[in-house]
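Source file run.pdb; content: PDB, C-alpha atoms, pLDDT in the B column.
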ATOM      1  CA  MET F   1      59.351  85.271  81.375  1.00 81.00           C
ATOM      2  CA  ARG F   2      57.087  82.288  81.603  1.00 89.00           C
ATOM      3  CA  ASP F   3      57.339  81.316  77.887  1.00 93.00           C
ATOM      4  CA  LEU F   4      61.127  81.049  78.126  1.00 95.00           C
ATOM      5  CA  GLU F   5      60.981  79.058  81.366  1.00 95.00           C
ATOM      6  CA  GLU F   6      58.513  76.606  79.815  1.00 95.00           C
ATOM      7  CA  ARG F   7      60.700  76.228  76.726  1.00 95.00           C
ATOM      8  CA  ILE F   8      63.773  75.585  78.877  1.00 95.00           C
ATOM      9  CA  LYS F   9      61.881  72.905  80.813  1.00 94.00           C
ATOM     10  CA  LYS F  10      60.589  71.328  77.613  1.00 94.00           C
ATOM     11  CA  ASP F  11      63.690  71.441  75.395  1.00 94.00           C
ATOM     12  CA  GLY F  12      66.642  72.308  77.642  1.00 93.00           C
ATOM     13  CA  LYS F  13      69.085  69.567  78.574  1.00 94.00           C
ATOM     14  CA  VAL F  14      71.060  69.517  81.821  1.00 95.00           C
ATOM     15  CA  PHE F  15      74.570  68.058  81.891  1.00 93.00           C
ATOM     16  CA  GLU F  16      77.276  67.625  84.514  1.00 91.00           C
ATOM     17  CA  GLY F  17      79.479  70.657  85.069  1.00 87.00           C
ATOM     18  CA  ASN F  18      76.633  73.193  85.331  1.00 86.00           C
ATOM     19  CA  ILE F  19      75.830  72.934  81.623  1.00 91.00           C
ATOM     20  CA  LEU F  20      72.348  73.872  80.415  1.00 94.00           C
ATOM     21  CA  LYS F  21      72.070  73.129  76.713  1.00 93.00           C
ATOM     22  CA  VAL F  22      69.457  75.221  74.921  1.00 94.00           C
ATOM     23  CA  ASP F  23      70.913  75.078  71.449  1.00 92.00           C
ATOM     24  CA  SER F  24      67.704  73.714  69.914  1.00 90.00           C
ATOM     25  CA  PHE F  25      65.998  77.110  70.314  1.00 94.00           C
ATOM     26  CA  LEU F  26      68.363  79.838  71.591  1.00 92.00           C
ATOM     27  CA  ASN F  27      71.927  79.667  70.356  1.00 86.00           C
ATOM     28  CA  HIS F  28      72.421  77.145  67.547  1.00 88.00           C
ATOM     29  CA  GLN F  29      68.983  76.599  66.060  1.00 92.00           C
ATOM     30  CA  ILE F  30      67.055  79.761  66.854  1.00 93.00           C
ATOM     31  CA  ASP F  31      63.343  80.170  67.550  1.00 95.00           C
ATOM     32  CA  ILE F  32      62.778  83.647  66.114  1.00 96.00           C
ATOM     33  CA  ASP F  33      59.289  83.972  67.628  1.00 96.00           C
ATOM     34  CA  LEU F  34      60.690  83.291  71.104  1.00 96.00           C
ATOM     35  CA  LEU F  35      63.580  85.727  70.593  1.00 96.00           C
ATOM     36  CA  SER F  36      61.110  88.298  69.338  1.00 97.00           C
ATOM     37  CA  ALA F  37      59.035  87.941  72.528  1.00 97.00           C
ATOM     38  CA  ILE F  38      62.220  88.257  74.628  1.00 97.00           C
ATOM     39  CA  ALA F  39      63.173  91.407  72.678  1.00 97.00           C
ATOM     40  CA  ASP F  40      59.721  92.860  73.357  1.00 98.00           C
ATOM     41  CA  ASP F  41      60.228  92.272  77.095  1.00 97.00           C
ATOM     42  CA  PHE F  42      63.655  93.920  77.059  1.00 98.00           C
ATOM     43  CA  TYR F  43      62.186  96.858  75.179  1.00 98.00           C
ATOM     44  CA  SER F  44      59.392  97.276  77.730  1.00 97.00           C
ATOM     45  CA  LYS F  45      61.892  97.167  80.621  1.00 97.00           C
ATOM     46  CA  PHE F  46      64.393  99.653  79.132  1.00 98.00           C
ATOM     47  CA  ALA F  47      62.189 101.814  76.853  1.00 96.00           C
ATOM     48  CA  GLY F  48      62.673 105.035  78.834  1.00 93.00           C
ATOM     49  CA  CYS F  49      66.471 104.825  79.032  1.00 97.00           C
ATOM     50  CA  ASN F  50      67.390 106.659  75.768  1.00 97.00           C
ATOM     51  CA  ILE F  51      69.369 103.662  74.512  1.00 98.00           C
ATOM     52  CA  ASN F  52      71.177 104.279  71.244  1.00 98.00           C
ATOM     53  CA  LYS F  53      73.527 101.251  71.152  1.00 98.00           C
ATOM     54  CA  ILE F  54      73.084  97.562  71.892  1.00 98.00           C
ATOM     55  CA  LEU F  55      76.291  95.710  72.845  1.00 98.00           C
ATOM     56  CA  THR F  56      76.889  91.959  72.956  1.00 97.00           C
ATOM     57  CA  ILE F  57      79.780  89.536  72.602  1.00 93.00           C
ATOM     58  CA  GLU F  58      80.222  87.136  69.713  1.00 87.00           C
ATOM     59  CA  ALA F  59      78.784  84.759  68.851  1.00 81.00           C
ATOM     60  CA  SER F  60      75.701  83.218  70.454  1.00 85.00           C
ATOM     61  CA  GLY F  61      74.232  86.477  71.767  1.00 88.00           C
ATOM     62  CA  ILE F  62      74.238  88.198  68.384  1.00 95.00           C
ATOM     63  CA  ALA F  63      70.892  86.865  67.102  1.00 94.00           C
ATOM     64  CA  MET F  64      68.951  87.983  70.172  1.00 95.00           C
ATOM     65  CA  ALA F  65      70.818  91.286  70.387  1.00 97.00           C
ATOM     66  CA  ALA F  66      70.000  92.025  66.730  1.00 97.00           C
ATOM     67  CA  ILE F  67      66.275  91.686  67.390  1.00 97.00           C
ATOM     68  CA  VAL F  68      66.594  93.878  70.499  1.00 98.00           C
ATOM     69  CA  ALA F  69      68.482  96.485  68.441  1.00 98.00           C
ATOM     70  CA  GLU F  70      65.646  96.455  65.923  1.00 98.00           C
ATOM     71  CA  ARG F  71      63.168  97.212  68.737  1.00 98.00           C
ATOM     72  CA  PHE F  72      65.258 100.185  69.868  1.00 98.00           C
ATOM     73  CA  ALA F  73      65.919 101.293  66.257  1.00 98.00           C
ATOM     74  CA  CYS F  74      69.621 101.521  66.980  1.00 98.00           C
ATOM     75  CA  PRO F  75      72.862  99.840  65.945  1.00 98.00           C
ATOM     76  CA  LEU F  76      74.098  96.567  67.389  1.00 98.00           C
ATOM     77  CA  VAL F  77      77.787  96.432  68.268  1.00 97.00           C
ATOM     78  CA  PHE F  78      79.382  93.116  69.106  1.00 94.00           C
ATOM     79  CA  ALA F  79      82.690  92.589  70.856  1.00 93.00           C
ATOM     80  CA  LYS F  80      85.004  90.422  68.793  1.00 91.00           C
ATOM     81  CA  LYS F  81      86.963  87.589  70.348  1.00 83.00           C
ATOM     82  CA  SER F  82      89.789  87.732  67.840  1.00 70.00           C
ATOM     83  CA  LYS F  83      91.494  90.488  65.944  1.00 64.00           C
ATOM     84  CA  THR F  84      90.778  90.444  62.226  1.00 63.00           C
ATOM     85  CA  SER F  85      92.606  92.212  59.409  1.00 58.00           C
ATOM     86  CA  ASN F  86      89.798  94.736  59.025  1.00 59.00           C
ATOM     87  CA  LEU F  87      89.751  95.697  62.733  1.00 63.00           C
ATOM     88  CA  LYS F  88      91.972  98.678  63.350  1.00 64.00           C
ATOM     89  CA  SER F  89      94.324  98.742  66.309  1.00 73.00           C
ATOM     90  CA  ASP F  90      92.341 101.576  67.914  1.00 89.00           C
ATOM     91  CA  VAL F  91      90.071  99.410  70.099  1.00 92.00           C
ATOM     92  CA  TYR F  92      88.708  99.068  73.601  1.00 93.00           C
ATOM     93  CA  SER F  93      89.746  95.663  74.893  1.00 90.00           C
ATOM     94  CA  CYS F  94      89.799  93.445  77.953  1.00 89.00           C
ATOM     95  CA  LYS F  95      90.439  89.831  78.903  1.00 88.00           C
ATOM     96  CA  VAL F  96      87.471  87.566  79.625  1.00 87.00           C
ATOM     97  CA  ASP F  97      87.426  84.122  81.245  1.00 82.00           C
ATOM     98  CA  SER F  98      84.958  81.914  79.379  1.00 70.00           C
ATOM     99  CA  PHE F  99      82.929  79.483  81.510  1.00 61.00           C
ATOM    100  CA  THR F 100      81.618  77.723  78.395  1.00 63.00           C
ATOM    101  CA  HIS F 101      84.967  77.324  76.631  1.00 64.00           C
ATOM    102  CA  ASN F 102      87.152  77.079  79.766  1.00 70.00           C
ATOM    103  CA  CYS F 103      89.704  79.564  78.448  1.00 74.00           C
ATOM    104  CA  LYS F 104      90.675  83.211  78.568  1.00 84.00           C
ATOM    105  CA  PHE F 105      90.375  85.413  75.492  1.00 84.00           C
ATOM    106  CA  ASP F 106      90.681  89.070  74.520  1.00 87.00           C
ATOM    107  CA  VAL F 107      87.513  90.857  73.478  1.00 91.00           C
ATOM    108  CA  MET F 108      87.586  94.097  71.578  1.00 93.00           C
ATOM    109  CA  VAL F 109      85.356  96.805  70.149  1.00 95.00           C
ATOM    110  CA  SER F 110      86.523  99.444  67.696  1.00 93.00           C
ATOM    111  CA  LYS F 111      86.603 102.930  69.176  1.00 94.00           C
ATOM    112  CA  ASP F 112      84.623 103.998  66.100  1.00 94.00           C
ATOM    113  CA  TYR F 113      81.491 102.330  67.476  1.00 96.00           C
ATOM    114  CA  LEU F 114      81.263 103.378  71.155  1.00 97.00           C
ATOM    115  CA  CYS F 115      81.713 106.904  72.454  1.00 96.00           C
ATOM    116  CA  PRO F 116      80.886 109.021  75.534  1.00 97.00           C
ATOM    117  CA  GLU F 117      77.619 110.207  73.963  1.00 97.00           C
ATOM    118  CA  ASP F 118      76.234 106.669  73.791  1.00 98.00           C
ATOM    119  CA  THR F 119      73.761 105.029  76.159  1.00 98.00           C
ATOM    120  CA  VAL F 120      74.336 101.285  75.971  1.00 98.00           C
ATOM    121  CA  LEU F 121      72.206  98.248  76.733  1.00 98.00           C
ATOM    122  CA  ILE F 122      74.222  95.033  76.994  1.00 98.00           C
ATOM    123  CA  ILE F 123      72.412  91.907  75.771  1.00 98.00           C
ATOM    124  CA  ASP F 124      73.574  88.299  76.151  1.00 96.00           C
ATOM    125  CA  ASP F 125      72.073  84.832  76.058  1.00 95.00           C
ATOM    126  CA  PHE F 126      73.624  83.485  79.303  1.00 93.00           C
ATOM    127  CA  LEU F 127      74.893  84.795  82.619  1.00 95.00           C
ATOM    128  CA  ALA F 128      76.704  82.345  84.918  1.00 92.00           C
ATOM    129  CA  LEU F 129      79.731  83.688  86.772  1.00 92.00           C
ATOM    130  CA  GLY F 130      79.403  87.050  85.037  1.00 93.00           C
ATOM    131  CA  ASN F 131      82.814  87.130  83.366  1.00 92.00           C
ATOM    132  CA  ALA F 132      81.602  88.064  79.883  1.00 92.00           C
ATOM    133  CA  LEU F 133      79.296  90.713  81.334  1.00 95.00           C
ATOM    134  CA  LYS F 134      82.122  92.175  83.431  1.00 95.00           C
ATOM    135  CA  GLY F 135      84.237  92.409  80.291  1.00 94.00           C
ATOM    136  CA  LEU F 136      81.491  94.184  78.343  1.00 96.00           C
ATOM    137  CA  ILE F 137      80.865  96.547  81.268  1.00 97.00           C
ATOM    138  CA  ASP F 138      84.598  97.324  81.303  1.00 97.00           C
ATOM    139  CA  ILE F 139      84.500  98.132  77.580  1.00 97.00           C
ATOM    140  CA  VAL F 140      81.538 100.486  78.124  1.00 98.00           C
ATOM    141  CA  LYS F 141      83.493 102.218  80.924  1.00 97.00           C
ATOM    142  CA  GLN F 142      86.584 102.537  78.715  1.00 97.00           C
ATOM    143  CA  SER F 143      84.470 104.247  76.054  1.00 97.00           C
ATOM    144  CA  GLY F 144      82.999 106.753  78.513  1.00 98.00           C
ATOM    145  CA  ALA F 145      79.476 105.726  77.435  1.00 98.00           C
ATOM    146  CA  SER F 146      76.589 105.380  79.881  1.00 98.00           C
ATOM    147  CA  LEU F 147      75.348 101.899  80.757  1.00 98.00           C
ATOM    148  CA  ALA F 148      71.560 101.618  80.967  1.00 98.00           C
ATOM    149  CA  GLY F 149      71.729  98.000  82.098  1.00 98.00           C
ATOM    150  CA  CYS F 150      72.098  94.402  80.985  1.00 98.00           C
ATOM    151  CA  GLY F 151      69.450  92.128  79.493  1.00 98.00           C
ATOM    152  CA  ILE F 152      70.045  88.402  79.867  1.00 98.00           C
ATOM    153  CA  ALA F 153      67.945  85.570  78.461  1.00 97.00           C
ATOM    154  CA  ILE F 154      69.009  82.873  80.955  1.00 96.00           C
ATOM    155  CA  GLU F 155      70.796  83.505  84.237  1.00 96.00           C
ATOM    156  CA  LYS F 156      72.175  80.645  86.303  1.00 95.00           C
ATOM    157  CA  GLY F 157      71.322  82.274  89.609  1.00 95.00           C
ATOM    158  CA  TYR F 158      73.015  79.604  91.703  1.00 94.00           C
ATOM    159  CA  GLN F 159      76.398  80.558  90.211  1.00 94.00           C
ATOM    160  CA  GLY F 160      76.111  84.064  91.670  1.00 94.00           C
ATOM    161  CA  GLY F 161      77.365  86.239  88.809  1.00 95.00           C
ATOM    162  CA  GLY F 162      74.140  88.203  88.396  1.00 96.00           C
ATOM    163  CA  ASP F 163      73.621  88.783  92.102  1.00 96.00           C
ATOM    164  CA  ALA F 164      77.223  89.991  92.515  1.00 96.00           C
ATOM    165  CA  LEU F 165      76.779  92.503  89.692  1.00 97.00           C
ATOM    166  CA  ARG F 166      73.449  93.679  91.120  1.00 97.00           C
ATOM    167  CA  GLU F 167      75.166  94.239  94.480  1.00 97.00           C
ATOM    168  CA  GLN F 168      77.662  96.473  92.657  1.00 97.00           C
ATOM    169  CA  GLY F 169      74.744  98.614  91.457  1.00 97.00           C
ATOM    170  CA  TYR F 170      74.302  97.325  87.912  1.00 98.00           C
ATOM    171  CA  ARG F 171      70.808  96.830  86.548  1.00 97.00           C
ATOM    172  CA  ILE F 172      70.512  93.203  85.414  1.00 97.00           C
ATOM    173  CA  GLU F 173      67.201  92.074  83.883  1.00 97.00           C
ATOM    174  CA  SER F 174      67.058  88.312  83.282  1.00 97.00           C
ATOM    175  CA  MET F 175      64.136  86.662  81.515  1.00 97.00           C
ATOM    176  CA  ALA F 176      64.653  83.339  83.335  1.00 97.00           C
ATOM    177  CA  ILE F 177      66.765  82.719  86.431  1.00 97.00           C
ATOM    178  CA  VAL F 178      67.675  79.091  87.050  1.00 96.00           C
ATOM    179  CA  GLU F 179      67.988  78.464  90.783  1.00 96.00           C
ATOM    180  CA  SER F 180      69.036  74.827  90.522  1.00 95.00           C
ATOM    181  CA  MET F 181      69.538  72.033  88.003  1.00 95.00           C
ATOM    182  CA  ASP F 182      69.958  68.298  88.473  1.00 94.00           C
ATOM    183  CA  PRO F 183      71.754  66.416  85.688  1.00 93.00           C
ATOM    184  CA  ALA F 184      70.662  63.057  87.137  1.00 92.00           C
ATOM    185  CA  THR F 185      66.958  63.854  86.773  1.00 92.00           C
ATOM    186  CA  GLY F 186      67.102  66.693  84.235  1.00 91.00           C
ATOM    187  CA  SER F 187      65.021  68.837  86.563  1.00 93.00           C
ATOM    188  CA  ILE F 188      65.308  72.631  86.462  1.00 95.00           C
ATOM    189  CA  VAL F 189      63.972  74.946  89.176  1.00 94.00           C
ATOM    190  CA  PHE F 190      63.552  78.660  88.503  1.00 96.00           C
ATOM    191  CA  ARG F 191      64.078  81.366  91.108  1.00 92.00           C
ATOM    192  CA  ASN F 192      60.424  82.429  91.253  1.00 79.00           C
ATOM    193  CA  GLN F 193      59.395  78.801  91.901  1.00 53.00           C
ATOM    194  CA  VAL F 194      61.565  78.350  95.005  1.00 46.00           C
TER     195      VAL F 194
END

Hey, can you dump this file as structure tokens for me?
Amino acid sequence: MRDLEERIKKDGKVFEGNILKVDSFLNHQIDIDLLSAIADDFYSKFAGCNINKILTIEASGIAMAAIVAERFACPLVFAKKSKTSNLKSDVYSCKVDSFTHNCKFDVMVSKDYLCPEDTVLIIDDFLALGNALKGLIDIVKQSGASLAGCGIAIEKGYQGGGDALREQGYRIESMAIVESMDPATGSIVFRNQV
């Protein structure tokens, strides 16, 4: 998606350690018009898939996933990273290694909200190594639901997570795939530009 790539080039900041900071428009301060355009693209790519649930992981993917859920006129379910007093013990769960937070955490979804009759579209803001996505895919499998695919705003293609999942047969649709970044110059090259 050209609009997202241009926004990343304009406002994204590249740091050491493979960090691309886009919090001024995607996951701290949110540009609703941009997220709306991204949601429209996801809808056009997955419109014929009979999706009745959108799944994401807390917290930064929730805003985008909510707009996507509105396009599909279906509920948004988000995997929680910590057990709360109002979350029953009857959950699907898995462990996820976080690239961003450099830790491992349990994610869980109540069994009340995913079932074998569901067709799920996973939505997230970033895909790097693919750990969060693997965890969400595992939760979909545990539920017996069908997975239509995964919609990602920004994929760091050079880290290989998306390509590995595609090789396993999963449909991954990324709006912008970063092929390389240079923290010294701040330059960002997208896959379709290489």

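Atom pair CA of Gly169 (chain F) / CA of Phe72 (chain F): separated by 23.6 Å.
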
Near Asp40 (chain F), within 12 Å and counting all atoms listed in the file, which residues show up once chain neighbours fewer than 2 positions away are dropped, as a PDB file with C-alpha atoms, in the frame of the given file?
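Okay, out23.pdb is ready:
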ATOM      1  CA  MET F   1      59.351  85.271  81.375  1.00 81.00           C
ATOM      2  CA  ASP F  33      59.289  83.972  67.628  1.00 96.00           C
ATOM      3  CA  LEU F  34      60.690  83.291  71.104  1.00 96.00           C
ATOM      4  CA  LEU F  35      63.580  85.727  70.593  1.00 96.00           C
ATOM      5  CA  SER F  36      61.110  88.298  69.338  1.00 97.00           C
ATOM      6  CA  ALA F  37      59.035  87.941  72.528  1.00 97.00           C
ATOM      7  CA  ILE F  38      62.220  88.257  74.628  1.00 97.00           C
ATOM      8  CA  PHE F  42      63.655  93.920  77.059  1.00 98.00           C
ATOM      9  CA  TYR F  43      62.186  96.858  75.179  1.00 98.00           C
ATOM     10  CA  SER F  44      59.392  97.276  77.730  1.00 97.00           C
ATOM     11  CA  LYS F  45      61.892  97.167  80.621  1.00 97.00           C
ATOM     12  CA  PHE F  46      64.393  99.653  79.132  1.00 98.00           C
ATOM     13  CA  ALA F  47      62.189 101.814  76.853  1.00 96.00           C
ATOM     14  CA  MET F  64      68.951  87.983  70.172  1.00 95.00           C
ATOM     15  CA  ALA F  65      70.818  91.286  70.387  1.00 97.00           C
ATOM     16  CA  ILE F  67      66.275  91.686  67.390  1.00 97.00           C
ATOM     17  CA  VAL F  68      66.594  93.878  70.499  1.00 98.00           C
ATOM     18  CA  ALA F  69      68.482  96.485  68.441  1.00 98.00           C
ATOM     19  CA  GLU F  70      65.646  96.455  65.923  1.00 98.00           C
ATOM     20  CA  ARG F  71      63.168  97.212  68.737  1.00 98.00           C
ATOM     21  CA  PHE F  72      65.258 100.185  69.868  1.00 98.00           C
ATOM     22  CA  GLY F 151      69.450  92.128  79.493  1.00 98.00           C
ATOM     23  CA  MET F 175      64.136  86.662  81.515  1.00 97.00           C
TER      24      MET F 175
END

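Between Lys156 (chain F) and the residues F:Ile139, F:Cys115, F:Val189, F:Ala184, the shortest atom-to-atom distance, using all atoms listed in the file, involves F:Val189.
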
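Restricting the calculation to all atoms listed in the file, the smallest distance between Asp125 (chain F) and any of F:Asn18, F:Ser174, F:Ser180, F:Gln29 is found for F:Ser174.
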
Point-to-point distance from CA of Val14 (chain F) to CA of Asn192 (chain F), Å rounded to tenths: 19.2 Å

Written as a PyMOL selection string, which residues does the PyMOL selection byres ((chain F and resi 122) around 12) give for the file shown? chain F and resi 42+46+51-57+61-62+64-66+68-69+76-79+119-121+123-127+132-140+145-153+170-174

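The residue that comes closest to Lys21 (chain F), out of F:Ala73, F:Arg2, F:Ile188, F:Val96 and on the basis of all atoms listed in the file, is F:Ile188.
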
Neighbour residues at most 8 Å from (67.4, 81.5, 86.8) (all atoms listed in the file) as a count of residues only: 14

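Across F:Pro183, F:Val109, F:Leu4, F:Ala39, the tightest approach to Val22 (chain F) is made by F:Leu4 when counting all atoms listed in the file.
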
Proximity to Leu129 (chain F) - best of F:Gly17, F:Gly186, F:Gly12, F:Gly160, all atoms listed in the file: F:Gly160

Using the chain letters and numbers from the file, which residues does the PyMOL selection byres ((chain F and resi 90) around 7) grab, as number ranges by chain? F: 88-89, 91, 110-111

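The spacing separating CA of Ser93 (chain F) from CA of Asn27 (chain F) amounts to 24.4 Å.
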
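Shortest separation to Gly130 (chain F) among F:Thr185, F:Ser24, F:Ser98, F:Asn50 occurs at residue F:Ser98, atoms counted being only C-alpha atoms.
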
Which residues are near Asp23 (chain F)? Cut-off 10 Å, all atoms listed in the file, ignore same chain within fewer than 5 positions. Put them as a ChimeraX atom specification. /F:11-13,28-31,60
